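Shown below: entry-v5.cif, with mmCIF, N, CA and C atoms.
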```cif
data_coords
loop_
_atom_site.group_PDB
_atom_site.id
_atom_site.type_symbol
_atom_site.label_atom_id
_atom_site.label_comp_id
_atom_site.auth_asym_id
_atom_site.auth_seq_id
_atom_site.Cartn_x
_atom_site.Cartn_y
_atom_site.Cartn_z
ATOM 1 N N MET A 1413 27.851 186.843 18.198
ATOM 2 C CA MET A 1413 27.618 185.773 17.254
ATOM 3 C C MET A 1413 27.887 184.411 17.894
ATOM 4 N N ASN A 1414 28.884 184.373 18.727
ATOM 5 C CA ASN A 1414 29.214 183.136 19.421
ATOM 6 C C ASN A 1414 28.063 182.696 20.319
ATOM 7 N N CYS A 1415 27.360 183.645 20.889
ATOM 8 C CA CYS A 1415 26.206 183.350 21.757
ATOM 9 C C CYS A 1415 25.088 182.705 20.959
ATOM 10 N N ASP A 1416 24.846 183.184 19.745
ATOM 11 C CA ASP A 1416 23.823 182.593 18.883
ATOM 12 C C ASP A 1416 24.164 181.143 18.535
ATOM 13 N N LEU A 1417 25.430 180.895 18.310
ATOM 14 C CA LEU A 1417 25.870 179.544 17.985
ATOM 15 C C LEU A 1417 25.653 178.612 19.166
ATOM 16 N N ASP A 1418 25.941 179.088 20.378
ATOM 17 C CA ASP A 1418 25.717 178.292 21.584
ATOM 18 C C ASP A 1418 24.234 177.977 21.771
ATOM 19 N N VAL A 1419 23.374 178.944 21.514
ATOM 20 C CA VAL A 1419 21.929 178.749 21.640
ATOM 21 C C VAL A 1419 21.451 177.734 20.618
ATOM 22 N N ASP A 1420 21.959 177.825 19.395
ATOM 23 C CA ASP A 1420 21.581 176.865 18.355
ATOM 24 C C ASP A 1420 22.016 175.442 18.726
ATOM 25 N N VAL A 1421 23.211 175.327 19.276
ATOM 26 C CA VAL A 1421 23.708 174.018 19.697
ATOM 27 C C VAL A 1421 22.842 173.474 20.834
ATOM 28 N N GLU A 1422 22.504 174.312 21.789
ATOM 29 C CA GLU A 1422 21.650 173.893 22.905
ATOM 30 C C GLU A 1422 20.275 173.474 22.399
ATOM 31 N N ASN A 1423 19.723 174.250 21.479
ATOM 32 C CA ASN A 1423 18.420 173.908 20.911
ATOM 33 C C ASN A 1423 18.482 172.576 20.165
ATOM 34 N N GLN A 1424 19.566 172.371 19.452
ATOM 35 C CA GLN A 1424 19.738 171.122 18.712
ATOM 36 C C GLN A 1424 19.840 169.932 19.679
ATOM 37 N N VAL A 1425 20.588 170.116 20.761
ATOM 38 C CA VAL A 1425 20.726 169.048 21.761
ATOM 39 C C VAL A 1425 19.373 168.764 22.409
ATOM 40 N N GLU A 1426 18.632 169.809 22.752
ATOM 41 C CA GLU A 1426 17.302 169.629 23.340
ATOM 42 C C GLU A 1426 16.374 168.916 22.371
ATOM 43 N N LEU A 1427 16.407 169.307 21.121
ATOM 44 C CA LEU A 1427 15.562 168.690 20.103
ATOM 45 C C LEU A 1427 15.907 167.210 19.940
ATOM 46 N N GLU A 1428 17.185 166.890 19.918
ATOM 47 C CA GLU A 1428 17.598 165.490 19.799
ATOM 48 C C GLU A 1428 17.157 164.689 21.020
ATOM 49 N N GLU A 1429 17.273 165.286 22.189
ATOM 50 C CA GLU A 1429 16.853 164.606 23.419
ATOM 51 C C GLU A 1429 15.343 164.386 23.420
ATOM 52 N N LYS A 1430 14.583 165.385 23.004
ATOM 53 C CA LYS A 1430 13.119 165.236 22.929
ATOM 54 C C LYS A 1430 12.744 164.153 21.917
ATOM 55 N N THR A 1431 13.412 164.155 20.802
ATOM 56 C CA THR A 1431 13.137 163.148 19.770
ATOM 57 C C THR A 1431 13.447 161.752 20.291
ATOM 58 N N ARG A 1432 14.555 161.620 20.980
ATOM 59 C CA ARG A 1432 14.938 160.326 21.552
ATOM 60 C C ARG A 1432 13.902 159.862 22.578
ATOM 61 N N LEU A 1433 13.457 160.788 23.421
ATOM 62 C CA LEU A 1433 12.460 160.436 24.442
ATOM 63 C C LEU A 1433 11.119 160.067 23.815
ATOM 64 N N ILE A 1434 10.723 160.805 22.802
ATOM 65 C CA ILE A 1434 9.465 160.499 22.109
ATOM 66 C C ILE A 1434 9.542 159.109 21.482
ATOM 67 N N ASN A 1435 10.655 158.806 20.846
ATOM 68 C CA ASN A 1435 10.814 157.475 20.239
ATOM 69 C C ASN A 1435 10.800 156.379 21.294
ATOM 70 N N GLN A 1436 11.406 156.659 22.417
ATOM 71 C CA GLN A 1436 11.419 155.688 23.509
ATOM 72 C C GLN A 1436 10.007 155.461 24.051
ATOM 73 N N VAL A 1437 9.252 156.535 24.205
ATOM 74 C CA VAL A 1437 7.868 156.424 24.685
ATOM 75 C C VAL A 1437 7.028 155.627 23.689
ATOM 76 N N LEU A 1438 7.189 155.900 22.412
ATOM 77 C CA LEU A 1438 6.431 155.164 21.390
ATOM 78 C C LEU A 1438 6.790 153.678 21.398
ATOM 79 N N GLU A 1439 8.062 153.390 21.562
ATOM 80 C CA GLU A 1439 8.494 151.996 21.628
ATOM 81 C C GLU A 1439 7.900 151.301 22.848
ATOM 82 N N LEU A 1440 7.881 151.997 23.976
ATOM 83 C CA LEU A 1440 7.295 151.421 25.189
ATOM 84 C C LEU A 1440 5.783 151.223 25.039
ATOM 85 N N GLN A 1441 5.119 152.147 24.354
ATOM 86 C CA GLN A 1441 3.681 151.992 24.111
ATOM 87 C C GLN A 1441 3.410 150.748 23.269
ATOM 88 N N HIS A 1442 4.218 150.543 22.241
ATOM 89 C CA HIS A 1442 4.031 149.359 21.394
ATOM 90 C C HIS A 1442 4.305 148.082 22.177
ATOM 91 N N THR A 1443 5.320 148.124 23.012
ATOM 92 C CA THR A 1443 5.622 146.963 23.847
ATOM 93 C C THR A 1443 4.463 146.670 24.790
ATOM 94 N N LEU A 1444 3.901 147.712 25.386
ATOM 95 C CA LEU A 1444 2.761 147.542 26.285
ATOM 96 C C LEU A 1444 1.556 146.971 25.541
ATOM 97 N N GLU A 1445 1.301 147.464 24.346
ATOM 98 C CA GLU A 1445 0.194 146.935 23.546
ATOM 99 C C GLU A 1445 0.405 145.457 23.229
ATOM 100 N N ASP A 1446 1.637 145.102 22.872
ATOM 101 C CA ASP A 1446 1.945 143.701 22.575
ATOM 102 C C ASP A 1446 1.757 142.824 23.806
ATOM 103 N N LEU A 1447 2.235 143.298 24.955
ATOM 104 C CA LEU A 1447 2.082 142.530 26.189
ATOM 105 C C LEU A 1447 0.619 142.390 26.589
ATOM 106 N N SER A 1448 -0.137 143.444 26.408
ATOM 107 C CA SER A 1448 -1.562 143.406 26.736
ATOM 108 C C SER A 1448 -2.286 142.393 25.852
ATOM 109 N N ALA A 1449 -1.957 142.385 24.579
ATOM 110 C CA ALA A 1449 -2.565 141.418 23.664
ATOM 111 C C ALA A 1449 -2.174 139.994 24.056
ATOM 112 N N ARG A 1450 -0.942 139.816 24.468
ATOM 113 C CA ARG A 1450 -0.468 138.495 24.879
ATOM 114 C C ARG A 1450 -1.194 138.033 26.147
ATOM 115 N N VAL A 1451 -1.385 138.943 27.093
ATOM 116 C CA VAL A 1451 -2.116 138.606 28.328
ATOM 117 C C VAL A 1451 -3.542 138.181 27.989
ATOM 118 N N ASP A 1452 -4.181 138.914 27.100
ATOM 119 C CA ASP A 1452 -5.548 138.555 26.699
ATOM 120 C C ASP A 1452 -5.584 137.163 26.064
ATOM 121 N N ALA A 1453 -4.602 136.880 25.208
ATOM 122 C CA ALA A 1453 -4.550 135.571 24.550
ATOM 123 C C ALA A 1453 -4.326 134.459 25.567
ATOM 124 N N VAL A 1454 -3.463 134.693 26.535
ATOM 125 C CA VAL A 1454 -3.186 133.684 27.561
ATOM 126 C C VAL A 1454 -4.410 133.462 28.441
ATOM 127 N N LYS A 1455 -5.117 134.536 28.785
ATOM 128 C CA LYS A 1455 -6.343 134.389 29.578
ATOM 129 C C LYS A 1455 -7.372 133.538 28.829
ATOM 130 N N GLU A 1456 -7.520 133.808 27.550
ATOM 131 C CA GLU A 1456 -8.474 133.060 26.738
ATOM 132 C C GLU A 1456 -8.078 131.582 26.671
ATOM 133 N N GLU A 1457 -6.793 131.323 26.445
ATOM 134 C CA GLU A 1457 -6.314 129.949 26.398
ATOM 135 C C GLU A 1457 -6.511 129.252 27.744
ATOM 136 N N ASN A 1458 -6.275 129.974 28.826
ATOM 137 C CA ASN A 1458 -6.455 129.432 30.172
ATOM 138 C C ASN A 1458 -7.907 129.013 30.388
ATOM 139 N N LEU A 1459 -8.843 129.857 30.011
ATOM 140 C CA LEU A 1459 -10.262 129.514 30.167
ATOM 141 C C LEU A 1459 -10.621 128.280 29.345
ATOM 142 N N LYS A 1460 -10.077 128.216 28.133
ATOM 143 C CA LYS A 1460 -10.339 127.071 27.263
ATOM 144 C C LYS A 1460 -9.803 125.791 27.899
ATOM 145 N N LEU A 1461 -8.587 125.853 28.425
ATOM 146 C CA LEU A 1461 -7.992 124.668 29.046
ATOM 147 C C LEU A 1461 -8.729 124.265 30.317
ATOM 148 N N LYS A 1462 -9.189 125.237 31.097
ATOM 149 C CA LYS A 1462 -9.975 124.909 32.294
ATOM 150 C C LYS A 1462 -11.241 124.160 31.911
ATOM 151 N N SER A 1463 -11.896 124.629 30.870
ATOM 152 C CA SER A 1463 -13.118 123.980 30.407
ATOM 153 C C SER A 1463 -12.825 122.561 29.936
ATOM 154 N N GLU A 1464 -11.753 122.399 29.169
ATOM 155 C CA GLU A 1464 -11.385 121.065 28.698
ATOM 156 C C GLU A 1464 -11.041 120.148 29.874
ATOM 157 N N ASN A 1465 -10.359 120.681 30.873
ATOM 158 C CA ASN A 1465 -10.015 119.881 32.051
ATOM 159 C C ASN A 1465 -11.265 119.424 32.793
ATOM 160 N N GLN A 1466 -12.267 120.296 32.877
ATOM 161 C CA GLN A 1466 -13.510 119.908 33.540
ATOM 162 C C GLN A 1466 -14.192 118.778 32.778
ATOM 163 N N VAL A 1467 -14.215 118.878 31.453
ATOM 164 C CA VAL A 1467 -14.835 117.843 30.633
ATOM 165 C C VAL A 1467 -14.082 116.525 30.810
ATOM 166 N N LEU A 1468 -12.752 116.591 30.754
ATOM 167 C CA LEU A 1468 -11.959 115.374 30.924
ATOM 168 C C LEU A 1468 -12.122 114.787 32.319
ATOM 169 N N GLY A 1469 -12.172 115.638 33.316
ATOM 170 C CA GLY A 1469 -12.376 115.159 34.684
ATOM 171 C C GLY A 1469 -13.696 114.444 34.830
ATOM 172 N N GLN A 1470 -14.730 115.006 34.260
ATOM 173 C CA GLN A 1470 -16.050 114.366 34.311
ATOM 174 C C GLN A 1470 -16.037 113.046 33.550
ATOM 175 N N TYR A 1471 -15.367 113.032 32.415
ATOM 176 C CA TYR A 1471 -15.264 111.807 31.615
ATOM 177 C C TYR A 1471 -14.558 110.701 32.405
ATOM 178 N N ILE A 1472 -13.445 111.058 33.034
ATOM 179 C CA ILE A 1472 -12.695 110.075 33.834
ATOM 180 C C ILE A 1472 -13.536 109.588 35.007
ATOM 181 N N GLU A 1473 -14.229 110.509 35.647
ATOM 182 C CA GLU A 1473 -15.100 110.134 36.761
ATOM 183 C C GLU A 1473 -16.183 109.165 36.301
ATOM 184 N N ASN A 1474 -16.765 109.431 35.146
ATOM 185 C CA ASN A 1474 -17.797 108.534 34.605
ATOM 186 C C ASN A 1474 -17.219 107.164 34.269
ATOM 187 N N LEU A 1475 -16.009 107.139 33.696
ATOM 188 C CA LEU A 1475 -15.378 105.859 33.381
ATOM 189 C C LEU A 1475 -15.090 105.070 34.652
ATOM 190 N N MET A 1476 -14.599 105.757 35.672
ATOM 191 C CA MET A 1476 -14.286 105.080 36.928
ATOM 192 C C MET A 1476 -15.537 104.527 37.585
ATOM 193 N N SER A 1477 -16.631 105.273 37.540
ATOM 194 C CA SER A 1477 -17.856 104.789 38.175
ATOM 195 C C SER A 1477 -18.477 103.639 37.388
ATOM 196 N N ALA A 1478 -18.217 103.582 36.083
ATOM 197 C CA ALA A 1478 -18.775 102.506 35.259
ATOM 198 C C ALA A 1478 -17.908 101.252 35.295
ATOM 199 N N SER A 1479 -16.669 101.361 35.725
ATOM 200 C CA SER A 1479 -15.756 100.223 35.720
ATOM 201 C C SER A 1479 -15.821 99.484 37.047
ATOM 202 N N SER A 1480 -15.826 98.151 36.965
ATOM 203 C CA SER A 1480 -15.874 97.343 38.190
ATOM 204 C C SER A 1480 -14.544 97.386 38.939
ATOM 205 N N VAL A 1481 -13.479 97.747 38.290
ATOM 206 C CA VAL A 1481 -12.166 97.820 38.937
ATOM 207 C C VAL A 1481 -12.171 98.869 40.046
ATOM 208 N N PHE A 1482 -12.896 99.947 39.839
ATOM 209 C CA PHE A 1482 -12.895 101.044 40.798
ATOM 210 C C PHE A 1482 -14.068 101.000 41.770
ATOM 211 N N GLN A 1483 -14.879 99.978 41.678
ATOM 212 C CA GLN A 1483 -16.022 99.860 42.579
ATOM 213 C C GLN A 1483 -15.557 99.315 43.919
ATOM 214 N N THR A 1484 -16.175 99.814 44.991
ATOM 215 C CA THR A 1484 -15.845 99.304 46.328
ATOM 216 C C THR A 1484 -16.578 97.992 46.541
ATOM 217 N N THR A 1485 -15.902 97.067 47.189
ATOM 218 C CA THR A 1485 -16.528 95.765 47.464
ATOM 219 C C THR A 1485 -16.469 95.509 48.965
ATOM 220 N N ASP A 1486 -17.399 94.709 49.420
ATOM 221 C CA ASP A 1486 -17.432 94.347 50.833
ATOM 222 C C ASP A 1486 -16.620 93.064 51.005
ATOM 223 N N THR A 1487 -15.368 93.189 51.443
ATOM 224 C CA THR A 1487 -14.486 92.025 51.561
ATOM 225 C C THR A 1487 -14.519 91.413 52.952
ATOM 226 N N LYS A 1488 -15.141 92.045 53.933
ATOM 227 C CA LYS A 1488 -15.178 91.514 55.302
ATOM 228 C C LYS A 1488 -15.959 90.200 55.367
ATOM 229 N N GLY A 1489 -17.077 90.145 54.719
ATOM 230 C CA GLY A 1489 -17.912 88.936 54.750
ATOM 231 C C GLY A 1489 -17.331 87.825 53.918
ATOM 232 N N LYS A 1490 -16.547 88.111 52.920
ATOM 233 C CA LYS A 1490 -16.033 87.077 52.010
ATOM 234 C C LYS A 1490 -14.753 86.437 52.507
ATOM 235 N N ARG A 1491 -14.061 87.032 53.445
ATOM 236 C CA ARG A 1491 -12.765 86.501 53.900
ATOM 237 C C ARG A 1491 -12.937 85.267 54.790
ATOM 238 N N LYS A 1492 -14.027 85.154 55.465
ATOM 239 C CA LYS A 1492 -14.218 84.033 56.409
ATOM 240 C C LYS A 1492 -14.609 82.827 55.687
#
```

As structure tokens:
Amino acid sequence: MNCDLDVDVENQVELEEKTRLINQVLELQHTLEDLSARVDAVKEENLKLKSENQVLGQYIENLMSASSVFQTTDTKGKRK
């Protein structure tokens, strides 16, 4: 009878360990899903910001080319 009790205790310990591992795996899966979703969101935001930066860069370039402050002048002939 004592042997049956030992087997039951061992089975219970194994069952608890399996349950703990399963819960840990499920928690890690959810964490991975959350991280994957976050990576996708960051990639999307990155592309959006790159596009906005290109537009702003072009805008600044156009402003600089239209402004006389940024135009090159020939000062060699005017100094004499």

Hey, can you check how far CA of Leu1461 in chain A sits from CA of Leu1444 in chain A? 25.4 Å

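CA of Asn1458 in chain A sits 18.2 Å away from CA of Asp1446 in chain A.
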
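Relative to CA of Gln1436 in chain A, atom N of Val1421 in chain A is found at 23.3 Å.
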
Complete the atoms of range 1427-1448 of chain A to N, CA, C and O atoms and put them out as a short mmCIF file (atom, residue, chain, number, x, y, z; two decimals), in the coordinates of the input.
```cif
data_model
loop_
_atom_site.label_atom_id
_atom_site.label_comp_id
_atom_site.auth_asym_id
_atom_site.auth_seq_id
_atom_site.Cartn_x
_atom_site.Cartn_y
_atom_site.Cartn_z
N LEU A 1427 16.41 169.31 21.12
CA LEU A 1427 15.56 168.69 20.10
C LEU A 1427 15.91 167.21 19.94
O LEU A 1427 15.00 166.36 19.86
N GLU A 1428 17.18 166.89 19.92
CA GLU A 1428 17.60 165.49 19.80
C GLU A 1428 17.16 164.69 21.02
O GLU A 1428 16.71 163.55 20.89
N GLU A 1429 17.27 165.29 22.19
CA GLU A 1429 16.85 164.61 23.42
C GLU A 1429 15.34 164.39 23.42
O GLU A 1429 14.86 163.30 23.78
N LYS A 1430 14.58 165.38 23.00
CA LYS A 1430 13.12 165.24 22.93
C LYS A 1430 12.74 164.15 21.92
O LYS A 1430 11.86 163.33 22.18
N THR A 1431 13.41 164.16 20.80
CA THR A 1431 13.14 163.15 19.77
C THR A 1431 13.45 161.75 20.29
O THR A 1431 12.67 160.81 20.09
N ARG A 1432 14.56 161.62 20.98
CA ARG A 1432 14.94 160.33 21.55
C ARG A 1432 13.90 159.86 22.58
O ARG A 1432 13.48 158.70 22.58
N LEU A 1433 13.46 160.79 23.42
CA LEU A 1433 12.46 160.44 24.44
C LEU A 1433 11.12 160.07 23.82
O LEU A 1433 10.46 159.12 24.26
N ILE A 1434 10.72 160.80 22.80
CA ILE A 1434 9.46 160.50 22.11
C ILE A 1434 9.54 159.11 21.48
O ILE A 1434 8.60 158.31 21.59
N ASN A 1435 10.66 158.81 20.85
CA ASN A 1435 10.81 157.48 20.24
C ASN A 1435 10.80 156.38 21.29
O ASN A 1435 10.23 155.31 21.08
N GLN A 1436 11.41 156.66 22.42
CA GLN A 1436 11.42 155.69 23.51
C GLN A 1436 10.01 155.46 24.05
O GLN A 1436 9.60 154.32 24.30
N VAL A 1437 9.25 156.54 24.20
CA VAL A 1437 7.87 156.42 24.68
C VAL A 1437 7.03 155.63 23.69
O VAL A 1437 6.25 154.75 24.08
N LEU A 1438 7.19 155.90 22.41
CA LEU A 1438 6.43 155.16 21.39
C LEU A 1438 6.79 153.68 21.40
O LEU A 1438 5.91 152.82 21.27
N GLU A 1439 8.06 153.39 21.56
CA GLU A 1439 8.49 152.00 21.63
C GLU A 1439 7.90 151.30 22.85
O GLU A 1439 7.42 150.17 22.76
N LEU A 1440 7.88 152.00 23.98
CA LEU A 1440 7.30 151.42 25.19
C LEU A 1440 5.78 151.22 25.04
O LEU A 1440 5.22 150.24 25.54
N GLN A 1441 5.12 152.15 24.35
CA GLN A 1441 3.68 151.99 24.11
C GLN A 1441 3.41 150.75 23.27
O GLN A 1441 2.49 149.98 23.56
N HIS A 1442 4.22 150.54 22.24
CA HIS A 1442 4.03 149.36 21.39
C HIS A 1442 4.30 148.08 22.18
O HIS A 1442 3.58 147.09 22.03
N THR A 1443 5.32 148.12 23.01
CA THR A 1443 5.62 146.96 23.85
C THR A 1443 4.46 146.67 24.79
O THR A 1443 4.06 145.51 24.97
N LEU A 1444 3.90 147.71 25.39
CA LEU A 1444 2.76 147.54 26.28
C LEU A 1444 1.56 146.97 25.54
O LEU A 1444 0.87 146.08 26.05
N GLU A 1445 1.30 147.46 24.35
CA GLU A 1445 0.19 146.94 23.55
C GLU A 1445 0.40 145.46 23.23
O GLU A 1445 -0.53 144.65 23.32
N ASP A 1446 1.64 145.10 22.87
CA ASP A 1446 1.94 143.70 22.58
C ASP A 1446 1.76 142.82 23.81
O ASP A 1446 1.19 141.73 23.73
N LEU A 1447 2.24 143.30 24.96
CA LEU A 1447 2.08 142.53 26.19
C LEU A 1447 0.62 142.39 26.59
O LEU A 1447 0.18 141.33 27.04
N SER A 1448 -0.14 143.44 26.41
CA SER A 1448 -1.56 143.41 26.74
C SER A 1448 -2.29 142.39 25.85
O SER A 1448 -3.12 141.61 26.34
#
```
